[in-house]
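Here is the file protein.cif (mmCIF, C-alpha atoms).
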data_work
loop_
_atom_site.label_atom_id
_atom_site.label_comp_id
_atom_site.auth_asym_id
_atom_site.auth_seq_id
_atom_site.Cartn_x
_atom_site.Cartn_y
_atom_site.Cartn_z
CA MET D 16 0.00 0.00 0.00
CA ALA D 17 1.30 3.47 -0.82
CA ILE D 18 1.14 6.64 1.22
CA LYS D 19 2.28 10.15 0.34
CA SER D 20 4.88 11.79 2.56
CA GLN D 21 2.55 14.62 3.60
CA ASP D 22 0.04 12.05 4.96
CA ILE D 23 2.37 10.42 7.52
CA LYS D 24 1.63 10.85 11.22
CA ASN D 25 3.19 9.72 14.50
CA GLY D 26 2.88 5.94 14.68
CA THR D 27 2.74 5.39 10.91
CA VAL D 28 4.88 2.41 9.87
CA ILE D 29 6.68 2.59 6.51
CA ARG D 30 9.11 0.30 4.72
CA ILE D 31 12.40 1.97 3.68
CA ASP D 32 15.28 -0.02 2.16
CA GLY D 33 13.56 -3.24 3.23
CA LYS D 34 13.38 -2.18 6.89
CA LEU D 35 10.26 -1.26 8.82
CA GLN D 36 10.38 2.20 10.38
CA VAL D 37 7.82 3.80 12.68
CA VAL D 38 7.39 7.58 12.60
CA VAL D 39 8.30 8.97 16.03
CA SER D 40 7.90 12.64 15.11
CA PHE D 41 7.40 14.70 12.00
CA LEU D 42 7.54 18.36 11.03
CA HIS D 43 6.15 20.00 7.92
CA VAL D 44 8.88 22.48 6.84
CA LYS D 45 8.27 25.32 4.39
CA PRO D 46 11.57 27.15 3.90
CA GLY D 47 11.69 30.70 2.49
CA LYS D 48 13.25 29.38 -0.70
CA GLY D 49 12.99 25.91 -2.13
CA ASN D 50 10.43 23.15 -1.88
CA THR D 51 8.37 22.18 1.13
CA PHE D 52 9.48 18.95 2.82
CA MET D 53 8.75 16.69 5.79
CA ARG D 54 11.44 16.29 8.45
CA THR D 55 10.90 13.04 10.35
CA LYS D 56 12.42 10.94 13.11
CA LEU D 57 12.09 7.25 12.33
CA LYS D 58 12.61 4.33 14.71
CA ASP D 59 13.64 0.97 13.26
CA VAL D 60 10.99 -1.48 14.47
CA VAL D 61 13.45 -4.35 14.91
CA SER D 62 16.68 -2.69 16.16
CA GLY D 63 15.15 0.36 17.89
CA TYR D 64 17.65 2.78 16.31
CA VAL D 65 16.26 6.27 15.70
CA THR D 66 17.31 8.18 12.59
CA GLU D 67 16.29 11.46 11.00
CA ARG D 68 15.13 11.62 7.39
CA ARG D 69 13.68 14.20 5.02
CA PHE D 70 10.99 13.50 2.46
CA ASN D 71 9.89 15.79 -0.34
CA ILE D 72 6.18 16.62 -0.38
CA GLY D 73 4.39 14.22 -2.71
CA GLU D 74 7.02 11.49 -2.34
CA VAL D 75 5.36 8.07 -2.40
CA LEU D 76 6.25 5.74 0.49
CA GLU D 77 5.33 2.12 1.21
CA ASP D 78 2.85 2.01 4.09
CA VAL D 79 2.88 -1.14 6.22
CA ARG D 80 -0.06 -2.24 8.32
CA VAL D 81 1.00 -3.62 11.68
CA GLU D 82 -1.06 -5.28 14.36
CA HIS D 83 -0.61 -4.87 18.12
CA ARG D 84 -1.85 -7.82 20.13
CA PRO D 85 -1.60 -8.74 23.82
CA TYR D 86 0.39 -11.89 24.57
CA GLN D 87 0.98 -13.47 27.99
CA PHE D 88 4.54 -14.49 28.88
CA LEU D 89 4.63 -18.16 29.90
CA TYR D 90 8.29 -19.21 30.30
CA MET D 91 11.84 -18.96 28.91
CA ASP D 92 13.15 -21.73 26.65
CA GLY D 93 16.89 -21.06 26.26
CA ASP D 94 17.24 -17.72 24.43
CA ASP D 95 13.58 -17.73 23.43
CA ALA D 96 10.49 -16.63 25.31
CA VAL D 97 7.23 -18.53 24.93
CA PHE D 98 4.04 -16.45 24.81
CA MET D 99 0.34 -17.22 24.53
CA ASN D 100 -1.97 -15.16 22.34
CA GLN D 101 -4.69 -13.76 24.63
CA GLU D 102 -7.37 -14.07 21.91
CA THR D 103 -6.66 -17.42 20.20
CA PHE D 104 -4.61 -19.13 22.97
CA ASP D 105 -1.96 -20.09 20.36
CA GLN D 106 1.61 -20.24 21.63
CA VAL D 107 4.47 -18.45 19.87
CA THR D 108 8.20 -18.32 20.51
CA ILE D 109 10.05 -14.99 20.30
CA ASP D 110 13.83 -14.45 20.53
CA LYS D 111 14.54 -12.54 23.76
CA LYS D 112 16.61 -9.96 21.79
CA MET D 113 13.35 -8.83 20.14
CA ILE D 114 11.68 -8.07 23.49
CA ILE D 115 11.96 -4.54 24.87
CA GLY D 116 12.31 -4.76 28.67
CA GLU D 117 12.92 -8.53 28.65
CA GLU D 118 15.09 -8.48 31.79
CA TYR D 119 12.10 -7.20 33.83
CA MET D 120 9.55 -9.70 32.48
CA LYS D 121 8.06 -12.29 34.83
CA GLU D 122 5.67 -15.17 34.25
CA GLY D 123 2.13 -14.01 33.56
CA ASP D 124 3.10 -10.51 32.33
CA ILE D 125 1.15 -9.23 29.36
CA VAL D 126 3.31 -7.79 26.58
CA GLU D 127 2.31 -6.07 23.37
CA VAL D 128 3.47 -8.02 20.32
CA VAL D 129 3.77 -6.09 17.06
CA SER D 130 3.49 -8.07 13.83
CA ASP D 131 3.39 -7.27 10.11
CA ALA D 132 -0.29 -7.78 9.20
CA SER D 133 0.45 -8.95 5.63
CA THR D 134 3.03 -11.63 6.49
CA GLU D 135 2.13 -12.33 10.16
CA THR D 136 5.85 -11.92 10.94
CA ILE D 137 6.50 -10.91 14.54
CA LEU D 138 8.57 -7.72 14.55
CA THR D 139 8.96 -6.90 18.22
CA ALA D 140 7.45 -7.38 21.67
CA GLU D 141 7.28 -4.65 24.28
CA MET D 142 6.73 -4.79 28.03
CA PRO D 143 4.40 -2.21 29.58
CA VAL D 144 6.32 0.98 30.45
CA LYS D 145 6.05 0.32 34.20
CA THR D 146 6.04 -2.94 36.11
CA VAL D 147 6.09 -3.86 39.81
CA LEU D 148 8.93 -6.13 40.94
CA GLN D 149 10.19 -7.37 44.31
CA ILE D 150 13.77 -6.76 45.41
CA THR D 151 15.46 -10.11 46.11
CA TYR D 152 19.00 -8.89 46.88
CA MET D 153 20.61 -5.54 47.67
CA GLU D 154 24.22 -4.56 48.10
CA PRO D 155 24.64 -3.11 51.58
CA GLY D 156 24.86 0.68 51.62
CA ALA D 157 27.59 2.50 53.52
CA LYS D 158 26.52 3.18 57.10
CA GLY D 159 25.57 6.80 57.66
CA ASN D 160 25.31 7.47 53.92
CA THR D 161 21.85 9.01 53.82
CA ALA D 162 22.33 11.48 50.99
CA THR D 163 19.11 11.74 49.03
CA ASN D 164 20.68 11.06 45.61
CA THR D 165 22.73 8.01 46.62
CA LEU D 166 21.76 4.83 44.75
CA THR D 167 22.76 1.20 45.20
CA LYS D 168 22.36 -1.88 43.01
CA ALA D 169 19.41 -4.14 43.69
CA THR D 170 18.54 -7.44 42.05
CA VAL D 171 14.82 -7.90 41.36
CA GLU D 172 12.85 -11.16 41.16
CA THR D 173 13.46 -11.49 37.38
CA GLY D 174 17.24 -11.27 37.81
CA GLY D 175 17.45 -7.73 36.41
CA ILE D 176 19.55 -5.04 38.12
CA VAL D 177 18.00 -1.72 39.17
CA LEU D 178 19.68 1.25 40.87
CA VAL D 179 17.51 2.10 43.89
CA PRO D 180 17.69 4.65 46.73
CA LEU D 181 19.28 3.50 49.99
CA PHE D 182 15.95 3.52 51.87
CA CYS D 183 14.79 0.49 49.85
CA LYS D 184 15.43 -2.95 51.33
CA GLU D 185 15.16 -6.60 50.37
CA GLY D 186 11.53 -7.69 50.06
CA ASP D 187 10.29 -4.23 49.01
CA LYS D 188 8.17 -4.01 45.89
CA ILE D 189 9.24 -1.24 43.52
CA VAL D 190 7.98 0.23 40.26
CA VAL D 191 10.54 -0.11 37.43
CA ASP D 192 10.57 1.69 34.07
CA THR D 193 11.10 -1.21 31.62
CA ARG D 194 12.48 1.02 28.85
CA ASP D 195 15.70 1.82 30.72
CA GLY D 196 15.52 -0.21 33.93
CA SER D 197 15.27 2.82 36.16
CA TYR D 198 13.66 2.98 39.61
CA VAL D 199 10.40 5.00 39.62
CA GLU D 200 8.99 4.64 43.16
CA ARG D 201 8.05 2.17 45.85
CA ALA D 202 4.97 0.21 44.90
CA LYS D 203 1.83 1.13 46.80
CA GLU D 204 0.41 -1.92 48.55
#
What is this structure when it is put down as structure tokens?
Amino acid sequence: MAIKSQDIKNGTVIRIDGKLQVVVSFLHVKPGKGNTFMRTKLKDVVSGYVTERRFNIGEVLEDVRVEHRPYQFLYMDGDDAVFMNQETFDQVTIDKKMIIGEEYMKEGDIVEVVSDASTETILTAEMPVKTVLQITYMEPGAKGNTATNTLTKATVETGGIVLVPLFCKEGDKIVVDTRDGSYVERAKE
């Protein structure tokens, strides 16, 4: 399917040089001299790399229809994760390198799986932005070190490492940002 460059919006997925790119941001630019163009930031669906690209107005691009479906994480099988489709109950296997936030994923978590609608090829899987995890191990903090910005490493129940404030302790449940593994806050009971 074709789409003209002036019709792209945030979230539009296009195929460029055989790679799927999602439009992160766009700007319609009309310089004083010269032709009007679209300045875009594109994120590679598979690798996650963000690049900038210009398109002339009227340029024809290949539009790709993608589907977002909820899948439940069941278990790890080597370097692959096994998921169950929440609608059909079919099981699929996805390489853990294709999962955003994989190190903070625990059994039963619901992830959003993005697939190419025409080929049914799974492109990526993404954890929700925030998840609640329990601290299973913490490095002891220096005694008397109560500075507000001091952080220490903590291992959470999935085996991931999160930098947390010193007031946290083993057994605490914390909210983690799965995009970068950062501590957000203590979980409210």
Open item on the list: Just the number, please: distance in Å from CA of Phe98 in chain D to CA of Lys121 in chain D, one decimal.
Closed with: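 Answer for the CA of Phe98 in chain D to CA of Lys121 in chain D separation: 11.6 Å.
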- [ ] Please write as a PyMOL selection string the full residue list that the PyMOL selection byres ((chain D and resi 196) around 12) yields on this file.
- [x] chain D and resi 115-120+142+144-148+168-171+173-179+189-195+197-199
Open item on the list: Taking the file as I've supplied it (selection: the PyMOL selection byres ((chain D and resi 41) around 9)), which residues are included? Please answer as a ChimeraX atom specification.
Closed with: /D:23-25,38-40,42-43,53-57
- [ ] Run the PyMOL selection byres ((chain D and resi 17) around 12) against the file shown and list the residues it catches, as number ranges by chain.
- [x] D: 16, 18-20, 22-23, 27-30, 73-80
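Between CA of Lys58 in chain D and CA of His83 in chain D there is a distance of 16.5 Å.
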Open item on the list: What's the separation between CA of Glu122 in chain D and CA of Thr151 in chain D, in Å to one decimal place?
Closed with: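 Separation of CA of Glu122 in chain D and CA of Thr151 in chain D: 16.2 Å.
Using only C-alpha atoms for every distance, the candidate list D:Ala140, D:Glu127, D:Lys203, D:Asp110 yields D:Glu127 as the residue closest to Pro85 in chain D.
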